[in-house]
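K.L.:
Contents of data_24.cif (mmCIF, C-alpha atoms) are below:
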```
data_entry
#
loop_
_atom_site.label_atom_id
_atom_site.label_comp_id
_atom_site.auth_asym_id
_atom_site.auth_seq_id
_atom_site.Cartn_x
_atom_site.Cartn_y
_atom_site.Cartn_z
CA ASP A 1 -41.86 23.32 -2.70
CA THR A 2 -39.87 26.44 -1.89
CA GLY A 3 -42.60 28.97 -2.65
CA VAL A 4 -44.88 30.87 -0.30
CA SER A 5 -47.41 28.60 1.35
CA GLN A 6 -50.67 29.46 3.07
CA ASN A 7 -52.94 27.43 5.28
CA PRO A 8 -55.72 26.66 5.21
CA ARG A 9 -56.58 27.12 1.54
CA HIS A 10 -60.26 27.42 2.34
CA LYS A 11 -62.07 28.38 5.52
CA ILE A 12 -65.79 28.49 6.10
CA THR A 13 -66.94 29.99 9.36
CA LYS A 14 -70.03 31.39 10.99
CA ARG A 15 -70.43 35.06 11.64
CA GLY A 16 -68.97 36.06 14.98
CA GLN A 17 -66.30 33.37 15.06
CA ASN A 18 -62.57 34.07 15.10
CA VAL A 19 -60.33 32.76 12.34
CA THR A 20 -56.56 32.56 11.97
CA PHE A 21 -54.60 32.09 8.79
CA ARG A 22 -50.96 31.11 8.46
CA CYS A 23 -48.38 32.15 5.91
CA ASP A 24 -44.95 30.58 5.46
CA PRO A 25 -42.77 32.82 3.29
CA ILE A 26 -39.81 31.84 1.18
CA SER A 27 -37.15 31.10 3.75
CA GLU A 28 -34.63 33.82 2.91
CA HIS A 29 -37.28 36.54 2.52
CA ASN A 30 -37.38 38.94 5.42
CA ARG A 31 -40.36 40.97 4.20
CA LEU A 32 -43.84 39.52 4.43
CA TYR A 33 -47.07 41.11 3.23
CA TRP A 34 -50.75 40.46 3.76
CA TYR A 35 -53.44 41.43 1.27
CA ARG A 36 -57.16 41.00 0.92
CA GLN A 37 -58.72 40.41 -2.47
CA THR A 38 -62.40 40.49 -3.27
CA LEU A 39 -63.95 39.25 -6.48
CA GLY A 40 -63.06 41.38 -9.48
CA GLN A 41 -60.65 43.56 -7.54
CA GLY A 42 -56.92 43.74 -7.20
CA PRO A 43 -55.20 42.77 -3.96
CA GLU A 44 -55.67 45.35 -1.23
CA PHE A 45 -52.65 45.90 0.99
CA LEU A 46 -53.26 45.24 4.71
CA THR A 47 -49.94 45.12 6.51
CA TYR A 48 -46.31 44.09 6.20
CA PHE A 49 -43.40 42.90 8.30
CA GLN A 50 -39.69 43.19 8.03
CA ASN A 51 -38.42 40.27 10.05
CA GLU A 52 -40.57 40.32 13.20
CA ALA A 53 -41.28 44.05 13.08
CA GLN A 54 -44.65 45.13 11.76
CA LEU A 55 -43.76 48.25 9.81
CA GLU A 56 -47.17 49.22 8.53
CA LYS A 57 -50.54 48.32 9.97
CA SER A 58 -52.64 51.42 9.43
CA ARG A 59 -54.38 49.74 6.51
CA LEU A 60 -55.69 46.84 8.50
CA LEU A 61 -59.40 47.02 7.91
CA SER A 62 -60.50 47.33 11.53
CA ASP A 63 -59.34 46.52 15.02
CA ARG A 64 -60.77 43.05 14.49
CA PHE A 65 -57.80 42.35 12.22
CA SER A 66 -54.37 41.63 13.62
CA ALA A 67 -51.20 40.04 12.35
CA GLU A 68 -48.10 38.64 13.97
CA ARG A 69 -44.74 37.36 12.92
CA PRO A 70 -43.18 36.47 16.26
CA LYS A 71 -39.96 34.85 15.09
CA GLY A 72 -39.54 36.61 11.81
CA SER A 73 -40.45 33.52 9.84
CA PHE A 74 -44.10 32.48 9.46
CA SER A 75 -46.91 34.94 10.04
CA THR A 76 -50.51 34.69 11.18
CA LEU A 77 -53.45 36.89 10.33
CA GLU A 78 -56.35 36.78 12.76
CA ILE A 79 -59.84 38.12 12.24
CA GLN A 80 -61.96 38.33 15.34
CA ARG A 81 -65.77 38.36 15.38
CA THR A 82 -65.97 37.71 11.66
CA GLU A 83 -68.59 39.45 9.57
CA GLN A 84 -70.02 38.46 6.21
CA GLY A 85 -68.13 41.34 4.63
CA ASP A 86 -64.88 39.68 5.62
CA SER A 87 -65.49 36.99 3.00
CA ALA A 88 -62.60 37.31 0.57
CA MET A 89 -59.31 35.82 -0.52
CA TYR A 90 -56.45 36.60 1.86
CA LEU A 91 -53.10 36.62 0.14
CA CYS A 92 -49.63 36.53 1.60
CA ALA A 93 -46.48 37.55 -0.25
CA SER A 94 -42.81 37.76 0.58
CA ARG A 95 -39.64 39.30 -0.77
CA THR A 96 -36.15 40.24 0.34
CA ALA A 97 -35.65 43.73 1.76
CA GLY A 98 -33.46 44.76 -1.13
CA GLY A 99 -35.37 42.88 -3.76
CA ASP A 100 -38.10 44.05 -6.06
CA GLU A 101 -40.15 41.05 -6.93
CA GLN A 102 -42.85 39.97 -4.52
CA PHE A 103 -43.84 36.30 -4.52
CA PHE A 104 -47.41 35.45 -3.68
CA GLY A 105 -48.86 32.42 -2.01
CA PRO A 106 -52.00 30.70 -3.27
CA GLY A 107 -54.21 32.49 -0.77
CA THR A 108 -56.78 31.49 1.83
CA ARG A 109 -60.37 31.84 0.73
CA LEU A 110 -62.60 32.83 3.65
CA THR A 111 -66.36 32.43 3.54
CA VAL A 112 -68.34 33.85 6.44
CA LEU A 113 -71.88 32.50 6.65
CA GLY B 1 -53.09 58.80 -1.88
CA GLU B 2 -51.97 56.35 -4.50
CA SER B 3 -54.42 55.29 -7.16
CA VAL B 4 -53.81 52.72 -9.80
CA GLY B 5 -56.49 51.99 -12.34
CA LEU B 6 -57.01 50.01 -15.49
CA HIS B 7 -58.87 51.38 -18.49
CA LEU B 8 -60.69 48.23 -19.58
CA PRO B 9 -62.08 45.53 -17.32
CA THR B 10 -62.23 42.86 -20.06
CA LEU B 11 -60.35 42.13 -23.24
CA SER B 12 -60.91 39.37 -25.78
CA VAL B 13 -58.32 38.59 -28.44
CA GLN B 14 -57.88 35.96 -31.08
CA GLU B 15 -55.13 33.43 -30.53
CA GLY B 16 -51.98 34.63 -32.23
CA ASP B 17 -52.90 38.30 -32.09
CA ASN B 18 -51.13 40.82 -29.90
CA SER B 19 -52.77 42.05 -26.69
CA ILE B 20 -52.40 45.44 -25.08
CA ILE B 21 -53.50 46.08 -21.51
CA ASN B 22 -53.38 49.61 -20.16
CA CYS B 23 -52.99 51.07 -16.70
CA ALA B 24 -53.06 54.59 -15.28
CA TYR B 25 -51.49 55.70 -12.03
CA SER B 26 -51.82 58.91 -10.09
CA ASN B 27 -48.70 59.19 -7.94
CA SER B 28 -46.12 60.99 -10.05
CA ALA B 29 -43.44 60.14 -7.48
CA SER B 30 -43.82 56.41 -8.07
CA ASP B 31 -40.67 54.91 -9.46
CA TYR B 32 -41.35 51.23 -9.78
CA PHE B 33 -44.16 49.30 -11.43
CA ILE B 34 -44.97 45.64 -11.83
CA TRP B 35 -47.37 43.67 -13.98
CA TYR B 36 -48.91 40.53 -12.49
CA LYS B 37 -50.92 37.72 -13.99
CA GLN B 38 -53.52 35.95 -11.88
CA GLU B 39 -55.18 32.73 -12.93
CA SER B 40 -58.35 31.53 -11.30
CA GLY B 41 -57.77 30.21 -7.80
CA LYS B 42 -54.12 31.23 -7.70
CA GLY B 43 -52.11 34.09 -6.30
CA PRO B 44 -50.73 36.81 -8.59
CA GLN B 45 -47.65 35.85 -10.57
CA PHE B 46 -44.93 38.33 -11.52
CA ILE B 47 -44.67 39.00 -15.25
CA ILE B 48 -42.43 41.99 -15.76
CA ASP B 49 -41.38 45.17 -14.01
CA ILE B 50 -40.10 48.59 -14.96
CA ARG B 51 -38.45 51.47 -13.15
CA SER B 52 -39.26 55.08 -13.81
CA ASN B 53 -35.87 55.74 -15.40
CA MET B 54 -36.92 53.48 -18.29
CA ASP B 55 -39.57 53.89 -20.99
CA LYS B 56 -39.65 50.33 -22.19
CA ARG B 57 -38.67 46.90 -21.03
CA GLN B 58 -38.98 43.63 -22.86
CA GLY B 59 -39.33 40.10 -21.65
CA GLN B 60 -40.28 36.88 -23.31
CA ARG B 61 -43.33 37.78 -25.46
CA VAL B 62 -44.12 40.69 -23.12
CA THR B 63 -43.22 44.35 -23.27
CA VAL B 64 -44.01 47.03 -20.73
CA LEU B 65 -44.15 50.67 -21.78
CA LEU B 66 -44.07 53.52 -19.30
CA ASN B 67 -45.18 57.05 -20.14
CA LYS B 68 -44.38 59.21 -17.14
CA THR B 69 -45.76 62.34 -18.77
CA VAL B 70 -49.31 61.01 -18.71
CA LYS B 71 -48.73 58.52 -15.88
CA HIS B 72 -49.62 55.54 -17.98
CA LEU B 73 -48.17 52.11 -18.50
CA SER B 74 -49.12 49.28 -20.76
CA LEU B 75 -48.45 45.59 -21.09
CA GLN B 76 -48.10 44.16 -24.55
CA ILE B 77 -48.33 40.42 -25.08
CA ALA B 78 -47.13 39.18 -28.45
CA ALA B 79 -48.74 36.21 -30.19
CA THR B 80 -51.28 35.71 -27.44
CA GLN B 81 -51.87 32.09 -26.47
CA PRO B 82 -54.78 30.39 -24.68
CA GLY B 83 -52.54 30.04 -21.62
CA ASP B 84 -52.39 33.82 -21.42
CA SER B 85 -56.05 33.94 -20.42
CA ALA B 86 -56.08 35.41 -16.92
CA VAL B 87 -56.60 38.64 -15.02
CA TYR B 88 -53.74 41.10 -15.34
CA PHE B 89 -52.92 43.69 -12.70
CA CYS B 90 -50.54 46.56 -12.68
CA ALA B 91 -49.06 47.48 -9.33
CA GLU B 92 -47.33 50.57 -8.06
CA ALA B 93 -44.55 49.29 -5.86
CA GLY B 94 -42.50 50.71 -3.05
CA ASN B 95 -42.45 49.50 0.53
CA GLN B 96 -46.10 48.76 -0.13
CA PHE B 97 -47.75 47.60 -3.32
CA TYR B 98 -50.90 49.20 -4.71
CA PHE B 99 -52.83 47.21 -7.26
CA GLY B 100 -55.33 48.28 -9.88
CA THR B 101 -58.68 46.61 -10.45
CA GLY B 102 -57.44 44.22 -13.13
CA THR B 103 -58.20 43.40 -16.75
CA SER B 104 -59.59 40.01 -17.63
CA LEU B 105 -57.96 38.72 -20.81
CA THR B 106 -59.72 36.00 -22.76
CA VAL B 107 -57.93 34.36 -25.66
CA ILE B 108 -60.21 32.92 -28.30
CA PRO B 109 -58.76 29.80 -29.95
#
```
Would you write the structure of this file as structure tokens?
P.N.:
Amino acid sequence: DTGVSQNPRHKITKRGQNVTFRCDPISEHNRLYWYRQTLGQGPEFLTYFQNEAQLEKSRLLSDRFSAERPKGSFSTLEIQRTEQGDSAMYLCASRTAGGDEQFFGPGTRLTVL
Amino acid sequence: GESVGLHLPTLSVQEGDNSIINCAYSNSASDYFIWYKQESGKGPQFIIDIRSNMDKRQGQRVTVLLNKTVKHLSLQIAATQPGDSAVYFCAEAGNQFYFGTGTSLTVIP
């Protein structure tokens, strides 16, 4: 499968715990995006990378959210001290820098109890 | 800031009929728009895109119309099929992508 992959697909955690999600983009795509999607809403942009550089992070929801892409390939999104309001689908997408189309992964569904 | 919205949250159509899904945007400087389809439990899937130098673009059974004067775009699906049932989003695209709320399309067999 050469599409965008995300792991885990589902995560259930208790409030206050830290969680980390992984995204593996399409291999030749140097841009990687993270979104959050709640029920009935469109994806909400969080941050994006071009290679290993994080070019936009002002829309990360709070300082509990952080993302990395250390080698310019896979990326991780970490949420510290999770809250019930963090329950959502977290989507990753990738594209080439000069390309238009963005390819989405299947998402990680987070449930915070 | 950017704002992308959809006029109708739900739409039901009979199989074989044409569907029209509308979207309004607020940033007049936007020059690229995409329609996505999202099925339950899956990530959004690209359907069709259009640049601001075009008014219309056609794909297979889908047509996107862009009216820059009123900042409105629409997605037309011809001969709607049960497999078209999904949530449809328009997105305003640049370095970042801004999505609308979505319209849930239900196709009645």
K.L.:
Could you please tell me, as a list in words, which residues of chain B have an atom within 8 Å of chain A when using all atoms listed in the file?
P.N.:
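Every residue meeting the condition is included here: Gly41, Lys42, Gly43, Pro44, Gln45, Phe46, Phe89, Gln96, Phe97, Tyr98, Phe99, Gly100, Thr101 and Gly102 of chain B.
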K.L.:
Is it possible to get the axis-aligned box enclosing region 88-101 of chain A (all listed atoms, 6 Å extra per side) as JSON, with centre and edge lengths in Å rounded to one decimal?
P.N.:
```
{"center_x": -48.0, "center_y": 40.3, "center_z": -2.5, "size_x": 41.1, "size_y": 20.9, "size_z": 20.8}
```
K.L.:
Which distance in Å separates CA of Glu83 (chain A) and CA of Phe21 (chain A), to one decimal?
P.N.:
15.8 Å
K.L.:
Around the point (-54.5, 28.8, 10.7) in the file's coordinates, collect all residues with an atom within 10 Å, using all atoms listed in the file, and return them as a list in words.
P.N.:
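The distance filter leaves exactly Gln6, Asn7, Pro8, Arg9, Lys11, Val19, Thr20, Phe21, Arg22, Cys23, Ser75, Thr76, Leu77, Glu78 and Thr108 of chain A.
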K.L.:
Find, counting only C-alpha atoms, the residue in B:Gln38, B:Ile77, B:Val87, B:Thr103 that gets nearest to Glu15 (chain B).
P.N.:
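Closest to Glu15 (chain B) of all the choices is B:Ile77.
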K.L.:
Care to translate the PyMOL selection byres ((chain B and resi 104-109) around 9) into actual residues of this file, as a PyMOL selection string?
P.N.:
(chain A and resi 40) or (chain B and resi 8-16+19+21+80-88+102-103)
K.L.:
Just the number, please: distance in Å from CA of Thr13 (chain A) to CA of Glu68 (chain A), one decimal.
P.N.:
21.2 Å
K.L.:
What does the distance from CA of Glu92 (chain B) to CA of Phe33 (chain B) come to in Å, to one decimal?
P.N.:
4.8 Å
K.L.:
Using all atoms listed in the file for the distances, tell me which of B:Ile47, B:Leu73, B:Ala79, B:Cys23 is nearest to Arg61 (chain B).
P.N.:
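Under the stated criterion, the closest residue is B:Ala79.
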K.L.:
Which residues would end up in the selection if the PyMOL selection byres ((chain A and resi 18) around 7) were applied here, given that I need the answer as a ChimeraX atom specification?
P.N.:
/A:16-17,19-20,79-82
K.L.:
Where does the PyMOL selection byres ((chain A and resi 112) around 6) land in this file, that is, which residues does it pick, as a ChimeraX atom specification?
P.N.:
/A:12-15,84,87,111,113
K.L.:
Which residues come within 7 Å of Ile50 (chain B), counting only C-alpha atoms, excluding same-chain residues fewer than 2 positions away, as a list in words?
P.N.:
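Final neighbour list, sorted by chain and number: Tyr32, Phe33, Ile34, Ser52, Met54 and Arg57 of chain B.
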K.L.:
I'd like the neighbourhood of Thr96 (chain A) as a list in words, where a residue qualifies if any of its atoms comes within 10 Å (using all atoms listed in the file), though same-chain residues fewer than 6 positions away should be ignored.
P.N.:
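Residues near the query, excluding close chain neighbours: Ile26, Ser27, Glu28, His29, Asn30, Arg31, Leu32, Gln50, Asn51, Gln102 and Phe103 of chain A.
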